[in-house]
>>> print(open('my_file32.csv').read())   # CSV, C-alpha atoms
chain,number,residue,atom,x,y,z
T,179,MET,CA,-0.3,-1.6,-19.9
T,180,ASN,CA,-3.8,-0.5,-18.9
T,181,ALA,CA,-5.7,-0.5,-15.7
T,182,LEU,CA,-7.0,-4.1,-16.3
T,183,ASP,CA,-3.5,-5.4,-16.8
T,184,TYR,CA,-2.4,-3.7,-13.6
T,185,PHE,CA,-5.1,-5.2,-11.5
T,186,ASN,CA,-4.6,-8.7,-13.0
T,187,ALA,CA,-0.9,-8.6,-12.3
T,188,ARG,CA,-1.4,-7.3,-8.8
T,189,LEU,CA,-4.0,-10.0,-8.1
T,190,GLU,CA,-1.7,-12.7,-9.5
T,191,ALA,CA,1.3,-11.4,-7.5
T,192,THR,CA,-0.4,-10.8,-4.1
T,193,ILE,CA,-2.9,-12.4,-1.7
T,194,SER,CA,-4.7,-10.4,1.0
T,195,PRO,CA,-4.7,-11.5,4.7
T,196,MET,CA,-8.4,-12.5,4.5
T,197,ASP,CA,-7.9,-14.6,1.4
T,198,TYR,CA,-4.8,-16.3,2.7
T,199,LEU,CA,-6.4,-17.2,6.0
T,200,ARG,CA,-9.4,-18.7,4.2
T,201,ALA,CA,-7.2,-20.5,1.7
T,202,GLU,CA,-4.9,-21.9,4.3
T,203,GLN,CA,-7.7,-23.1,6.5
T,204,THR,CA,-9.3,-24.9,3.5
T,205,ALA,CA,-6.2,-26.6,2.2
T,206,PRO,CA,-3.3,-26.1,4.5
T,207,GLU,CA,-1.2,-28.7,2.7
T,208,GLN,CA,-1.1,-26.5,-0.5
T,209,TYR,CA,0.7,-23.5,1.1
T,210,PHE,CA,4.1,-22.8,2.4
T,211,LEU,CA,4.3,-19.5,4.2
T,212,ILE,CA,7.6,-17.8,4.7
T,213,ASP,CA,8.5,-14.9,7.0
T,214,VAL,CA,11.4,-13.3,5.1
T,215,ARG,CA,12.1,-10.4,7.5
T,216,ASN,CA,15.7,-9.6,8.2
T,217,GLY,CA,16.9,-7.9,11.4
T,218,PRO,CA,17.6,-9.0,15.0
T,219,ASN,CA,15.4,-11.9,16.3
T,220,HIS,CA,13.8,-10.0,19.1
T,221,VAL,CA,12.1,-7.4,16.9
T,222,ARG,CA,10.5,-10.1,14.8
T,223,SER,CA,9.6,-12.7,17.4
T,224,LEU,CA,6.0,-12.3,16.7
T,225,THR,CA,5.2,-14.2,13.5
T,226,ILE,CA,2.2,-15.5,11.6
T,227,LYS,CA,1.1,-18.8,13.0
T,228,GLY,CA,2.5,-21.6,10.9
T,229,ALA,CA,5.1,-19.4,9.1
T,230,ASN,CA,8.5,-20.8,8.2
T,231,ILE,CA,11.2,-18.4,9.3
T,232,ILE,CA,13.7,-17.9,6.4
T,233,PRO,CA,15.1,-14.3,6.5
T,234,GLN,CA,15.8,-12.9,3.0
T,235,GLN,CA,19.6,-12.8,3.8
T,236,GLU,CA,19.6,-16.6,4.3
T,237,LEU,CA,17.4,-17.5,1.4
T,238,ALA,CA,20.0,-18.5,-1.2
T,239,LYS,CA,21.7,-21.0,1.1
T,240,ARG,CA,18.3,-22.4,2.5
T,241,LEU,CA,16.6,-22.7,-0.9
T,242,HIS,CA,16.4,-26.5,-0.5
T,243,GLU,CA,13.9,-26.0,2.4
T,244,ILE,CA,11.3,-24.5,0.0
T,245,PRO,CA,9.0,-27.0,-1.7
T,246,LYS,CA,8.5,-26.6,-5.5
T,247,ASP,CA,5.1,-28.3,-5.4
T,248,LYS,CA,3.4,-25.8,-3.0
T,249,GLU,CA,2.2,-22.3,-3.4
T,250,ILE,CA,4.7,-20.1,-1.6
T,251,VAL,CA,3.4,-17.1,0.3
T,252,VAL,CA,6.0,-14.5,1.5
T,253,TYR,CA,5.6,-11.6,3.9
T,254,CYS,CA,7.7,-9.0,5.6
T,255,TRP,CA,6.8,-5.9,7.8
T,256,ASP,CA,4.2,-3.8,6.1
T,257,VAL,CA,2.8,-2.5,2.8
T,258,TRP,CA,5.9,-0.3,2.4
T,259,CYS,CA,8.4,-3.1,2.9
T,260,ASN,CA,10.0,-4.4,-0.3
T,261,THR,CA,11.8,-7.4,1.2
T,262,ALA,CA,8.9,-9.8,0.3
T,263,ALA,CA,8.8,-8.5,-3.2
T,264,LYS,CA,12.5,-9.1,-3.6
T,265,VAL,CA,12.2,-12.7,-2.4
T,266,ALA,CA,9.2,-13.2,-4.6
T,267,THR,CA,11.2,-12.0,-7.6
T,268,PHE,CA,14.1,-14.3,-6.7
T,269,LEU,CA,11.8,-17.4,-6.3
T,270,LEU,CA,9.7,-16.7,-9.4
T,271,GLU,CA,12.9,-16.5,-11.5
T,272,ARG,CA,13.7,-20.0,-10.2
T,273,GLY,CA,10.3,-21.5,-11.2
T,274,TYR,CA,8.5,-21.3,-7.8
T,275,LYS,CA,4.9,-20.4,-7.6
T,276,VAL,CA,4.9,-17.3,-5.3
T,277,ARG,CA,2.6,-14.6,-3.9
T,278,GLU,CA,3.2,-11.8,-1.5
T,279,LEU,CA,0.9,-11.5,1.5
T,280,THR,CA,-0.1,-7.8,1.3
T,281,GLY,CA,0.5,-5.7,4.4
T,282,GLY,CA,2.8,-8.2,6.0
T,283,ILE,CA,2.8,-8.8,9.7
T,284,ALA,CA,1.3,-5.3,10.3
T,285,ALA,CA,-1.9,-6.0,8.4
T,286,TRP,CA,-2.1,-9.5,9.8
T,287,ARG,CA,-1.9,-8.2,13.4
T,288,GLU,CA,-4.4,-5.4,12.7
T,289,MET,CA,-6.9,-8.1,11.6
T,290,ASN,CA,-6.2,-10.0,14.8
T,291,PHE,CA,-5.4,-13.1,12.9
T,292,PRO,CA,-3.4,-15.9,14.6
T,293,VAL,CA,0.2,-15.3,15.5
T,294,THR,CA,3.0,-17.1,17.3
T,295,ASP,CA,5.2,-15.5,19.8
T,296,THR,CA,8.6,-17.2,19.7
T,297,SER,CA,9.9,-15.1,22.5
T,298,SER,CA,8.7,-15.4,26.1
T,299,ASP,CA,10.1,-12.0,27.1
T,300,ILE,CA,8.8,-10.0,24.2
T,301,VAL,CA,7.8,-6.4,25.0
T,302,GLN,CA,4.4,-5.5,23.7
T,303,ILE,CA,4.5,-2.5,21.5
T,304,ASP,CA,0.7,-1.8,21.4
T,305,SER,CA,0.0,-1.4,25.1
T,306,CYS,CA,-2.1,1.7,25.2
T,307,GLY,CA,-5.4,0.0,24.9
T,308,CYS,CA,-6.2,1.2,21.4
R,131,MET,CA,7.6,-2.9,-18.3
R,132,ASN,CA,9.6,-0.1,-16.8
R,133,ALA,CA,9.0,2.3,-13.9
R,134,LEU,CA,7.1,4.7,-16.0
R,135,ASP,CA,4.7,2.1,-17.2
R,136,TYR,CA,4.2,1.0,-13.6
R,137,PHE,CA,3.3,4.5,-12.4
R,138,ASN,CA,1.1,5.2,-15.4
R,139,ALA,CA,-0.8,2.0,-14.9
R,140,ARG,CA,-1.2,2.6,-11.1
R,141,LEU,CA,-2.4,6.2,-11.7
R,142,GLU,CA,-4.9,5.0,-14.3
R,143,ALA,CA,-6.1,2.2,-12.0
R,144,THR,CA,-6.4,4.1,-8.8
R,145,ILE,CA,-7.5,7.4,-7.3
R,146,SER,CA,-6.3,8.8,-3.9
R,147,PRO,CA,-8.8,9.9,-1.2
R,148,MET,CA,-7.8,13.5,-1.7
R,149,ASP,CA,-8.2,13.4,-5.5
R,150,TYR,CA,-11.6,11.6,-5.2
R,151,LEU,CA,-12.9,14.0,-2.7
R,152,ARG,CA,-12.0,17.0,-4.9
R,153,ALA,CA,-13.3,15.3,-8.1
R,154,GLU,CA,-16.6,14.3,-6.5
R,155,GLN,CA,-17.1,17.8,-5.0
R,156,THR,CA,-16.5,19.4,-8.4
R,157,ALA,CA,-18.6,17.1,-10.5
R,158,PRO,CA,-20.7,14.7,-8.3
R,159,GLU,CA,-22.8,13.5,-11.2
R,160,GLN,CA,-19.8,12.0,-13.0
R,161,TYR,CA,-19.0,9.5,-10.2
R,162,PHE,CA,-20.6,6.3,-8.9
R,163,LEU,CA,-18.9,5.2,-5.7
R,164,ILE,CA,-19.3,1.6,-4.5
R,165,ASP,CA,-18.5,0.1,-1.2
R,166,VAL,CA,-17.7,-3.5,-2.2
R,167,ARG,CA,-16.8,-4.9,1.2
R,168,ASN,CA,-18.2,-8.3,2.2
R,169,GLY,CA,-18.8,-9.5,5.7
R,170,PRO,CA,-21.5,-8.9,8.3
R,171,ASN,CA,-23.4,-5.6,8.2
R,172,HIS,CA,-22.4,-4.4,11.6
R,173,VAL,CA,-18.7,-4.4,10.9
R,174,ARG,CA,-19.1,-2.2,7.8
R,175,SER,CA,-21.8,0.2,8.9
R,176,LEU,CA,-19.5,3.1,8.6
R,177,THR,CA,-19.3,3.9,4.9
R,178,ILE,CA,-18.0,6.8,2.8
R,179,LYS,CA,-20.7,9.5,2.4
R,180,GLY,CA,-22.6,8.9,-0.8
R,181,ALA,CA,-21.4,5.4,-1.4
R,182,ASN,CA,-23.6,2.8,-3.0
R,183,ILE,CA,-23.4,-0.5,-0.9
R,184,ILE,CA,-22.9,-3.4,-3.3
R,185,PRO,CA,-20.9,-6.2,-1.6
R,186,GLN,CA,-18.6,-8.1,-4.0
R,187,GLN,CA,-20.6,-11.2,-3.4
R,188,GLU,CA,-23.8,-9.6,-4.7
R,189,LEU,CA,-22.1,-7.8,-7.6
R,190,ALA,CA,-23.0,-10.2,-10.4
R,191,LYS,CA,-26.7,-10.2,-9.7
R,192,ARG,CA,-26.8,-6.4,-9.0
R,193,LEU,CA,-24.8,-5.4,-12.1
R,194,HIS,CA,-27.8,-3.5,-13.5
R,195,GLU,CA,-27.5,-1.0,-10.7
R,196,ILE,CA,-24.1,0.2,-11.9
R,197,PRO,CA,-24.3,2.9,-14.6
R,198,LYS,CA,-22.1,2.5,-17.7
R,199,ASP,CA,-21.8,6.2,-18.3
R,200,LYS,CA,-20.2,7.2,-15.0
R,201,GLU,CA,-16.8,6.7,-13.6
R,202,ILE,CA,-17.0,3.9,-11.1
R,203,VAL,CA,-14.9,4.2,-8.0
R,204,VAL,CA,-14.7,1.1,-5.8
R,205,TYR,CA,-13.2,0.6,-2.3
R,206,CYS,CA,-12.9,-2.0,0.4
R,207,TRP,CA,-11.1,-2.0,3.8
R,208,ASP,CA,-7.5,-0.9,3.5
R,209,VAL,CA,-4.5,-0.9,1.2
R,210,TRP,CA,-4.0,-4.6,1.8
R,211,CYS,CA,-7.5,-5.6,0.8
R,212,ASN,CA,-7.9,-7.1,-2.7
R,213,THR,CA,-11.7,-7.1,-2.9
R,214,ALA,CA,-11.9,-3.7,-4.6
R,215,ALA,CA,-9.2,-4.9,-7.1
R,216,LYS,CA,-11.2,-8.0,-7.9
R,217,VAL,CA,-14.3,-6.0,-8.5
R,218,ALA,CA,-12.4,-3.5,-10.6
R,219,THR,CA,-11.2,-6.3,-12.8
R,220,PHE,CA,-14.7,-7.8,-13.1
R,221,LEU,CA,-16.1,-4.4,-14.2
R,222,LEU,CA,-13.2,-3.4,-16.5
R,223,GLU,CA,-13.7,-6.7,-18.3
R,224,ARG,CA,-17.3,-5.7,-18.9
R,225,GLY,CA,-16.5,-2.3,-20.3
R,226,TYR,CA,-17.0,-0.2,-17.3
R,227,LYS,CA,-14.7,2.7,-16.5
R,228,VAL,CA,-13.3,1.9,-13.0
R,229,ARG,CA,-10.8,3.1,-10.5
R,230,GLU,CA,-9.9,1.8,-7.0
R,231,LEU,CA,-10.0,4.3,-4.2
R,232,THR,CA,-6.6,3.7,-2.6
R,233,GLY,CA,-6.5,2.8,1.1
R,234,GLY,CA,-10.2,2.1,1.3
R,235,ILE,CA,-12.3,3.1,4.3
R,236,ALA,CA,-9.2,3.1,6.5
R,237,ALA,CA,-7.4,5.8,4.6
R,238,TRP,CA,-10.6,7.8,4.2
R,239,ARG,CA,-11.3,7.8,8.0
R,240,GLU,CA,-7.7,8.7,8.7
R,241,MET,CA,-8.1,11.8,6.6
R,242,ASN,CA,-11.3,12.6,8.5
R,243,PHE,CA,-13.3,12.8,5.2
R,244,PRO,CA,-17.1,12.5,5.4
R,245,VAL,CA,-18.6,9.2,6.3
R,246,THR,CA,-22.1,7.9,7.0
R,247,ASP,CA,-23.0,5.7,9.9
R,248,THR,CA,-25.8,3.4,8.9
R,249,SER,CA,-26.1,1.9,12.3
R,250,SER,CA,-27.2,3.7,15.4
R,251,ASP,CA,-25.6,1.2,17.8
R,252,ILE,CA,-22.2,1.0,16.2
R,253,VAL,CA,-19.4,0.3,18.6
R,254,GLN,CA,-16.6,2.8,18.1
R,255,ILE,CA,-13.3,1.0,17.5
R,256,ASP,CA,-11.0,4.0,17.9
R,257,SER,CA,-12.1,5.2,21.3
R,258,CYS,CA,-8.8,5.8,23.1
R,259,GLY,CA,-8.6,9.5,22.1
R,260,CYS,CA,-5.8,9.0,19.5
D,127,MET,CA,2.2,-9.0,-17.7
D,128,ASN,CA,2.8,-11.7,-15.1
D,129,ALA,CA,3.6,-11.6,-11.4
D,130,LEU,CA,7.4,-11.4,-12.0
D,131,ASP,CA,6.9,-8.4,-14.3
D,132,TYR,CA,4.8,-6.8,-11.6
D,133,PHE,CA,7.4,-7.3,-8.9
D,134,ASN,CA,10.3,-6.2,-11.1
D,135,ALA,CA,8.4,-3.0,-12.1
D,136,ARG,CA,7.4,-2.2,-8.5
D,137,LEU,CA,11.0,-2.7,-7.3
D,138,GLU,CA,12.4,-0.5,-10.1
D,139,ALA,CA,9.8,2.2,-9.3
D,140,THR,CA,9.9,2.3,-5.5
D,141,ILE,CA,12.4,2.2,-2.6
D,142,SER,CA,11.4,1.2,0.9
D,143,PRO,CA,12.2,3.4,3.9
D,144,MET,CA,14.8,0.9,5.2
D,145,ASP,CA,16.5,0.7,1.8
D,146,TYR,CA,16.6,4.4,1.3
D,147,LEU,CA,18.0,5.1,4.7
D,148,ARG,CA,20.8,2.6,4.1
D,149,ALA,CA,21.5,3.8,0.6
D,150,GLU,CA,21.5,7.5,1.6
D,151,GLN,CA,23.9,6.8,4.6
D,152,THR,CA,26.3,4.9,2.3
D,153,ALA,CA,26.4,7.3,-0.6
D,154,PRO,CA,24.5,10.6,0.3
D,155,GLU,CA,25.9,12.4,-2.7
D,156,GLN,CA,24.1,10.0,-5.1
D,157,TYR,CA,20.5,10.9,-3.9
D,158,PHE,CA,18.2,13.9,-4.1
D,159,LEU,CA,15.2,13.5,-1.9
D,160,ILE,CA,12.1,15.6,-2.6
D,161,ASP,CA,9.1,16.2,-0.4
D,162,VAL,CA,6.4,16.8,-3.0
D,163,ARG,CA,3.4,17.3,-0.7
D,164,ASN,CA,1.0,20.1,-1.5
D,165,GLY,CA,-1.2,21.8,1.1
D,166,PRO,CA,-0.6,24.5,3.8
D,167,ASN,CA,2.9,24.7,5.3
D,168,HIS,CA,1.9,24.0,8.8
D,169,VAL,CA,0.5,20.5,8.1
D,170,ARG,CA,3.7,19.4,6.4
D,171,SER,CA,6.3,21.1,8.6
D,172,LEU,CA,7.6,17.7,9.7
D,173,THR,CA,9.8,16.4,6.8
D,174,ILE,CA,12.3,13.7,6.2
D,175,LYS,CA,15.8,14.9,7.3
D,176,GLY,CA,17.7,16.2,4.3
D,177,ALA,CA,14.6,16.4,2.0
D,178,ASN,CA,14.3,19.2,-0.6
D,179,ILE,CA,10.9,20.8,-0.3
D,180,ILE,CA,9.3,21.1,-3.8
D,181,PRO,CA,5.5,20.8,-3.7
D,182,GLN,CA,4.1,19.1,-6.7
D,183,GLN,CA,2.3,22.3,-7.7
D,184,GLU,CA,5.6,24.2,-7.9
D,185,LEU,CA,7.5,21.4,-9.7
D,186,ALA,CA,7.2,22.6,-13.3
D,187,LYS,CA,8.6,26.1,-12.5
D,188,ARG,CA,11.3,24.7,-10.2
D,189,LEU,CA,12.5,21.9,-12.4
D,190,HIS,CA,16.0,23.5,-12.7
D,191,GLU,CA,16.6,22.7,-9.0
D,192,ILE,CA,16.5,19.0,-9.7
D,193,PRO,CA,19.8,17.5,-10.7
D,194,LYS,CA,19.8,15.1,-13.7
D,195,ASP,CA,22.9,13.2,-12.5
D,196,LYS,CA,21.5,12.0,-9.2
D,197,GLU,CA,18.9,9.4,-8.2
D,198,ILE,CA,15.7,11.3,-7.4
D,199,VAL,CA,13.6,9.9,-4.6
D,200,VAL,CA,10.1,11.4,-4.1
D,201,TYR,CA,7.6,11.0,-1.3
D,202,CYS,CA,4.2,12.3,-0.2
D,203,TRP,CA,1.9,11.4,2.7
D,204,ASP,CA,1.3,7.7,2.9
D,205,VAL,CA,0.9,4.6,0.8
D,206,TRP,CA,-2.5,5.8,-0.5
D,207,CYS,CA,-1.2,9.2,-1.7
D,208,ASN,CA,-0.7,9.4,-5.5
D,209,THR,CA,1.1,12.8,-5.6
D,210,ALA,CA,4.6,11.2,-5.5
D,211,ALA,CA,3.6,8.8,-8.3
D,212,LYS,CA,2.4,11.8,-10.4
D,213,VAL,CA,5.7,13.6,-9.8
D,214,ALA,CA,7.7,10.4,-10.6
D,215,THR,CA,5.8,10.1,-13.9
D,216,PHE,CA,6.4,13.7,-14.8
D,217,LEU,CA,10.2,13.4,-14.1
D,218,LEU,CA,10.6,10.0,-15.7
D,219,GLU,CA,9.1,11.4,-18.9
D,220,ARG,CA,11.8,14.1,-18.8
D,221,GLY,CA,14.7,11.7,-18.5
D,222,TYR,CA,15.2,11.8,-14.7
D,223,LYS,CA,16.1,8.7,-12.7
D,224,VAL,CA,13.3,8.5,-10.1
D,225,ARG,CA,11.9,6.3,-7.4
D,226,GLU,CA,9.0,6.7,-5.0
D,227,LEU,CA,9.7,6.3,-1.3
D,228,THR,CA,7.0,3.8,-0.3
D,229,GLY,CA,4.7,4.8,2.5
D,230,GLY,CA,5.8,8.5,2.4
D,231,ILE,CA,6.2,10.5,5.6
D,232,ALA,CA,3.8,8.2,7.5
D,233,ALA,CA,5.9,5.0,7.1
D,234,TRP,CA,9.1,7.0,7.7
D,235,ARG,CA,7.7,8.3,11.0
D,236,GLU,CA,6.4,4.9,12.0
D,237,MET,CA,10.0,3.6,11.6
D,238,ASN,CA,11.3,6.4,13.8
D,239,PHE,CA,13.7,7.4,11.1
D,240,PRO,CA,15.2,11.0,11.3
D,241,VAL,CA,12.9,13.9,10.5
D,242,THR,CA,13.2,17.7,10.6
D,243,ASP,CA,10.7,19.9,12.1
D,244,THR,CA,10.6,23.2,10.2
D,245,SER,CA,8.1,24.8,12.5
D,246,SER,CA,8.7,25.7,16.2
D,247,ASP,CA,5.1,25.8,17.0
D,248,ILE,CA,4.0,22.5,15.4
D,249,VAL,CA,1.2,20.7,17.2
D,250,GLN,CA,2.0,17.1,17.7
D,251,ILE,CA,-0.7,14.8,16.3
D,252,ASP,CA,0.4,11.6,18.0
D,253,SER,CA,0.3,12.7,21.6
D,254,CYS,CA,-1.6,9.9,23.3
D,255,GLY,CA,1.5,7.9,24.1
D,256,CYS,CA,0.8,5.1,21.7
>>> encode(input="my_file32.csv", output="structure tokens")
Amino acid sequence: MNALDYFNARLEATISPMDYLRAEQTAPEQYFLIDVRNGPNHVRSLTIKGANIIPQQELAKRLHEIPKDKEIVVYCWDVWCNTAAKVATFLLERGYKVRELTGGIAAWREMNFPVTDTSSDIVQIDSCGC
Amino acid sequence: MNALDYFNARLEATISPMDYLRAEQTAPEQYFLIDVRNGPNHVRSLTIKGANIIPQQELAKRLHEIPKDKEIVVYCWDVWCNTAAKVATFLLERGYKVRELTGGIAAWREMNFPVTDTSSDIVQIDSCGC
Amino acid sequence: MNALDYFNARLEATISPMDYLRAEQTAPEQYFLIDVRNGPNHVRSLTIKGANIIPQQELAKRLHEIPKDKEIVVYCWDVWCNTAAKVATFLLERGYKVRELTGGIAAWREMNFPVTDTSSDIVQIDSCGC
């Protein structure tokens, strides 16, 4: 495998926040976005707008909720999180068309792209004015 | 493909900020650094010192500006940006020798490596003293 | 190589902070964690708790310290650092079982996972209260 193979595979396997936002705005009916983060609800109450919440741990039993005719986009916490990659592998092996949203919720928030707060009493983490 | 193939491909396809800084200081004439970010000028006025500014959208028509005998290094915004990977693919397919600078401008700034501000009225984003 | 190959290779080659913390707590005797960062001691005095400090530059002559019967986990600074990937390649070529801890010390600290401060007079970098 050379550098070109590497880039082609990475580009086939992932989609950047900018590219997903544009793609979703252009043809929202073609995409099915999944927040696959595990962990207690209150730490993941802030989600990408429009995301379907299917934690990795519930994936196998909720597989019927995922459409086979759409492009599945999965995300977790950050670039160093492997949960989305695990879900992508699981779904690709079952014939779904899947890409990972690079950077997860962290990159999405840093871009100030639209999010949904599913909790009314969430504590803001970034409150120092940066 | 196993783990070793993965690391070899990644190391062939990318160069870290530290490694690029050292390489460029040792043999500046061997490298041609390109800032491939798209978007309005004012949001990308801070660039890596010495970078050639060729936004991805202008690449095809400005291909003649890129030397075939140098090692091309491309960068965009951050680790989750795919623009540099797209440009790398485009150039590799045309026989250029290319690597992606990992982490883009974000990693470079976090390392406090030398940058150029092409705008005199740029608004500083990180102004909280962190 | 397709997207599935890419994810499988990445998952075989890397381990996330969350997964490593859990794995290490479950079976600490199975893992051998190495901090492979180069550079002056004072800038890398904060290390992951339990890590063996073997800078990449000393690796070849200290190879005998690394057990062949454990799973080796290597880390460096951040997602954009390639030092851990270089060490992983070096060790994989010699028959070791190796994975890279994604995000390095930066991701580990952001997760507030346990660290050791080997210097009593370390200057805190993140002191703005963010």
>>> interface_residues(input="my_file32.csv", of="chain D", to="chain R", cutoff="6 Å", atoms="all atoms listed in the file", output="PyMOL selection string")
chain D and resi 135+138-139+206-208+211+215+254
>>> write_last_selection(input="my_file32.csv", atoms="C-alpha atoms", output="PDB file, keeping the file's coordinate frame")
ATOM      1  CA  ALA D 135       8.400  -3.000 -12.100  1.00  0.00           C
ATOM      2  CA  GLU D 138      12.400  -0.500 -10.100  1.00  0.00           C
ATOM      3  CA  ALA D 139       9.800   2.200  -9.300  1.00  0.00           C
ATOM      4  CA  TRP D 206      -2.500   5.800  -0.500  1.00  0.00           C
ATOM      5  CA  CYS D 207      -1.200   9.200  -1.700  1.00  0.00           C
ATOM      6  CA  ASN D 208      -0.700   9.400  -5.500  1.00  0.00           C
ATOM      7  CA  ALA D 211       3.600   8.800  -8.300  1.00  0.00           C
ATOM      8  CA  THR D 215       5.800  10.100 -13.900  1.00  0.00           C
ATOM      9  CA  CYS D 254      -1.600   9.900  23.300  1.00  0.00           C
TER      10      CYS D 254
END
>>> atom_distance(input="my_file32.csv", atom1="CA of Tyr198 (chain T)", atom2="CA of Val217 (chain R)")
17.9 Å
>>> atom_distance(input="my_file32.csv", atom1="CA of Val214 (chain T)", atom2="CA of Glu243 (chain T)")
13.2 Å
>>> atom_distance(input="my_file32.csv", atom1="CA of Glu202 (chain T)", atom2="CA of Ile183 (chain R)")
28.8 Å
>>> residues_around(input="my_file32.csv", residues="Pro185 (chain R)", least_positions_apart="4", cutoff="10 Å", atoms="only C-alpha atoms", output="list in words")
Ile164, Asp165, Val166, Arg167, Asn168, Gly169, Leu189, Ala190, Arg192, Cys206, Thr213, Ala214 and Val217 of chain R
>>> residues_around(input="my_file32.csv", residues="Gly225 (chain R)", least_positions_apart="5", cutoff="12 Å", atoms="only C-alpha atoms", output="PyMOL selection string")
(chain T and resi 181-182) or (chain R and resi 196-202+218-220)
>>> write_last_selection(input="my_file32.csv", atoms="C-alpha atoms", output="short mmCIF file (atom, residue, chain, number, x, y, z; two decimals), in the frame of the given file")
data_model
loop_
_atom_site.label_atom_id
_atom_site.label_comp_id
_atom_site.auth_asym_id
_atom_site.auth_seq_id
_atom_site.Cartn_x
_atom_site.Cartn_y
_atom_site.Cartn_z
CA ALA T 181 -5.70 -0.50 -15.70
CA LEU T 182 -7.00 -4.10 -16.30
CA ILE R 196 -24.10 0.20 -11.90
CA PRO R 197 -24.30 2.90 -14.60
CA LYS R 198 -22.10 2.50 -17.70
CA ASP R 199 -21.80 6.20 -18.30
CA LYS R 200 -20.20 7.20 -15.00
CA GLU R 201 -16.80 6.70 -13.60
CA ILE R 202 -17.00 3.90 -11.10
CA ALA R 218 -12.40 -3.50 -10.60
CA THR R 219 -11.20 -6.30 -12.80
CA PHE R 220 -14.70 -7.80 -13.10
#
